[in-house]
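Below you'll find the structure, written out as structure tokens, and then a few comments.
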Amino acid sequence: MRVLHLISNLDIGGAESTLVLLANKLGEHGIESTVISLTNTGALGSVLEANGHRVFSLGLLRGRPSLRGLAVLRRHIVAESPDVVQSWMYHADLAGALVVPTIPGVALVWGVHGGELPMAAHPVLTRMTIRACALLSGIPSAIVYASRSSHAFHAQLGYRGRRTAVLHNGADLGRFSAPHSTRELWRAQHGLGARACVVGALSRFHPMKDHETMLSAFALALPLCREMMLLLAGRGMDPNNAALVKMIRDRSLESSVMLLGERRDVTAFLSACDVFVSSSFSESFPVSLVEALAVGLPIAATDAGDSAEIVGKYGRIVPVRDPAALASGILDLVRLSEQERATMSLAARASAQSRFAAEDFVERYVALYGVVCGRKVNSSSVAS
């Protein structure tokens, strides 16, 4: 079987990283993957190529739909002759719906990774794309939603699939095992002492991640635990981001917040933290929470998307846009005793392994591809 993955870009992000994981693991099932980015090959294109996948970029400009681009996309798909085109996120889903039905013998599977974000919060072109996708949602052979909350939300928007499945993103959990020396070394390299209480966050800079609430919560919690440091990592989380720097300065947090930018050493970063925090007001299935669980971190997160389902008993879930509640959740976890923290850490790791292992996540995709292609597979079907 051959799968062609179609995505808007290959910058580092949750859906993009999940694509890389899925493409790599599909190879273990004898499924060949090719990737087409509508815009650029980003930071992850070279990662895919290093793992033996063909990667193509159409070089389209963001926010500039192009009939020529669709024609070029069609030529690529015909040349690759896949059994399945798996599209990722709204713009790629729309492109797939416009092109794939014109190519005989190719099944289209949409991947919907958007969270419960009000339409007014999207750029105009994205709003138009979502509405078009709702109208065309009967075209794909199947629609995969990354979360239950995303499935319910898009049903309200008018998405109606011939076959739908909720397939939670998985994680390569073996990556998130690091010796204690990694924690000590990473802290020392970044000027963090052994006694520092490190609260970490890993997300791109985007309004829906609501860093205003995170920083306000940290400002409320800091006077009650002066040893705390907040580490912000991810795309746009760096000193060149004037808007973020102003948020920090307005709360007099300059000496208590570190901006680390986009990271490749995610495991080392997480291993150096004591508590993980997420403040989003809109999410689908945040993989960063799974990664934090895999490292054994207690999590303070807002009740966005499927965050509560991921975190379970291993942290605190609080209402969105409520700095006081998030501050209280952070402090609850900071104040855990060593024994309580060790017990929670072990249980969190076991929970991540039992619920979000990459192998289980990939087998569900393999089963779905078998269904849409009309082929018998060894995995059980997940389609409904």
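Residues in the structure tokens are numbered from 1 in each chain, the chains being A, B, ... in the order shown, and ligands are numbered from 1 in the order shown.
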
**OP:** List every residue of range 177-378 of chain A that DSSP, applied to the backbone of this structure, assigns to alpha helix (DSSP H), and report them as a PyMOL selection string.
**Re:** chain A and resi 180-189+211-221+242-250+266-271+287-295+307-311+323-334+338-356+358-373

Subject >> Shell around Leu270 in chain A at 7 Å using only C-alpha atoms, local window under 3 positions removed, as a ChimeraX atom specification >> reply: /A:266-267,273,292,295

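Every protein or nucleic acid residue with an atom no more than 10 Å from Pro239 in chain A, counting only C-alpha atoms and leaving out same-chain residues fewer than 4 positions away, appears here: A:Ala243, A:Leu244, A:Val245, A:Met258, A:Leu259, A:Leu260, A:Gly261.
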
Original post:
Hey, what's within 12 Å of His190 in chain A if we count only C-alpha atoms and toss same-chain stuff fewer than 2 positions away? As a list in words, please?
Top reply: Arg183, Glu184, Leu185, Trp186, Arg187, Ala188, Leu192, Gly193, Ala194, Ala196, Val198, Met229, Leu231, Met258, Leu259, Leu260, Ala268, Phe269 and Ala272 of chain A

N, CA and C atoms of the current selection, written as a short mmCIF file (atom, residue, chain, number, x, y, z; two decimals), in the first residue's frame:
data_model
loop_
_atom_site.label_atom_id
_atom_site.label_comp_id
_atom_site.auth_asym_id
_atom_site.auth_seq_id
_atom_site.Cartn_x
_atom_site.Cartn_y
_atom_site.Cartn_z
N ARG A 183 18.72 15.64 33.22
CA ARG A 183 18.05 16.74 33.92
C ARG A 183 19.08 17.67 34.54
N GLU A 184 20.04 17.10 35.24
CA GLU A 184 21.04 17.92 35.93
C GLU A 184 21.89 18.71 34.95
N LEU A 185 22.30 18.05 33.86
CA LEU A 185 23.15 18.71 32.87
C LEU A 185 22.40 19.84 32.17
N TRP A 186 21.14 19.59 31.77
CA TRP A 186 20.36 20.61 31.07
C TRP A 186 20.14 21.83 31.97
N ARG A 187 19.85 21.56 33.23
CA ARG A 187 19.64 22.66 34.19
C ARG A 187 20.93 23.47 34.35
N ALA A 188 22.03 22.77 34.49
CA ALA A 188 23.30 23.47 34.68
C ALA A 188 23.63 24.32 33.45
N LEU A 192 20.17 26.91 35.85
CA LEU A 192 19.12 26.57 36.81
C LEU A 192 19.71 25.67 37.89
N GLY A 193 19.59 26.09 39.13
CA GLY A 193 20.13 25.32 40.23
C GLY A 193 19.26 24.11 40.55
N ALA A 194 19.80 23.20 41.34
CA ALA A 194 19.08 21.99 41.72
C ALA A 194 17.83 22.30 42.52
N ALA A 196 15.87 25.00 42.17
CA ALA A 196 14.86 25.75 41.42
C ALA A 196 13.65 24.87 41.12
N VAL A 198 10.99 24.33 38.52
CA VAL A 198 10.85 24.71 37.12
C VAL A 198 9.48 24.33 36.58
N MET A 229 10.69 29.11 38.41
CA MET A 229 11.07 29.69 37.13
C MET A 229 10.12 29.14 36.07
N LEU A 231 9.68 28.36 32.16
CA LEU A 231 10.42 28.16 30.92
C LEU A 231 9.43 28.02 29.76
N MET A 258 12.13 32.36 31.31
CA MET A 258 13.15 32.13 30.29
C MET A 258 12.47 31.81 28.97
N LEU A 259 12.89 32.49 27.89
CA LEU A 259 12.36 32.25 26.56
C LEU A 259 13.36 31.41 25.77
N LEU A 260 12.96 30.20 25.41
CA LEU A 260 13.89 29.22 24.86
C LEU A 260 13.71 28.95 23.37
N ALA A 268 15.05 16.39 26.88
CA ALA A 268 15.90 17.01 27.90
C ALA A 268 15.20 18.19 28.55
N PHE A 269 14.51 19.01 27.74
CA PHE A 269 13.78 20.15 28.27
C PHE A 269 12.73 19.69 29.27
N ALA A 272 13.97 18.42 32.61
CA ALA A 272 14.47 19.46 33.52
C ALA A 272 13.35 20.15 34.29
#

**OP:** Would you mind telling me which residue in A:Ser279, A:Ser8, A:Ser17, A:Thr182 lies nearest to Arg62 in chain A when using only C-alpha atoms?
**Re:** A:Ser8

**OP:** Find the residues around range 210-218 of chain A up to 6 Å (only C-alpha atoms counted), leave out those fewer than 4 positions away in its own chain, and share them as a list in words.
**Re:**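 The residues satisfying every condition are Leu222, Ser279, Ser280, Arg321, Pro323, Ala324, Leu326 and Ala327 of chain A.
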
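Of the listed residues A:Thr129, A:Asn241, A:Ser252, A:Thr164, the one whose atoms come nearest to His206 in chain A is A:Asn241, with distances taken using only C-alpha atoms.
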
Original post:
What does the distance between CA of Pro286 in chain A and CA of Val112 in chain A come to in Å, to one decimal place?
Top reply: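 Those two atoms sit 13.3 Å apart.
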
Subject >> Shell of 8 Å around Lys25 in chain A, only C-alpha atoms, local chain residues under 2 positions omitted, as a PyMOL selection string >> reply: chain A and resi 21-23+27-29+358-359+362

Writer output for current selection, C-alpha atoms, as a PDB file, in the first residue's frame:
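Printed below is again12.pdb as written:
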ATOM      1  CA  LEU A  21       5.640   9.807  13.399  1.00  0.00           C
ATOM      2  CA  LEU A  22       2.892   8.140  11.362  1.00  0.00           C
ATOM      3  CA  ALA A  23       4.919   8.088   8.130  1.00  0.00           C
ATOM      4  CA  GLY A  27       6.934   1.679   7.035  1.00  0.00           C
ATOM      5  CA  GLU A  28       6.987  -1.046   9.679  1.00  0.00           C
ATOM      6  CA  HIS A  29       3.664  -2.238   8.231  1.00  0.00           C
ATOM      7  CA  ALA A 358       2.599   5.128  18.836  1.00  0.00           C
ATOM      8  CA  GLU A 359       2.189   1.472  17.905  1.00  0.00           C
ATOM      9  CA  VAL A 362      -0.495   3.542  13.882  1.00  0.00           C
TER      10      VAL A 362
END

Original post:
Contacts of Lys313 in chain A at 10 Å or less, counting only C-alpha atoms, minus same-chain residues fewer than 5 places along, as a VMD selection string?
Top reply: chain A and resid 298 to 299 308 344 347 to 348 351

Original post:
So, counting only C-alpha atoms, which residue among A:Val100, A:Ala165, A:Ala352, A:Leu331 is closest to Glu309 in chain A?
Top reply: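 Closest to Glu309 in chain A, using only C-alpha atoms: A:Ala352.
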
**OP:** Please identify which residues in range 155-271 of chain A DSSP calls strand (DSSP E or B) from the backbone, and express them as an NGL selection string.
**Re:** :A and (164-166 or 171 or 197-202 or 228-233 or 257-261)

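With CA of Gly315 in chain A on one side and CA of Arg335 in chain A on the other, the separation reads 12.2 Å.
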
**OP:** Name the closest residue to Phe281 in chain A among the candidates A:Val334, A:Val3, A:Ala121, A:Leu167; distances are taken between atoms, counting only C-alpha atoms.
**Re:**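 Result for the nearest residue to Phe281 in chain A: A:Ala121.
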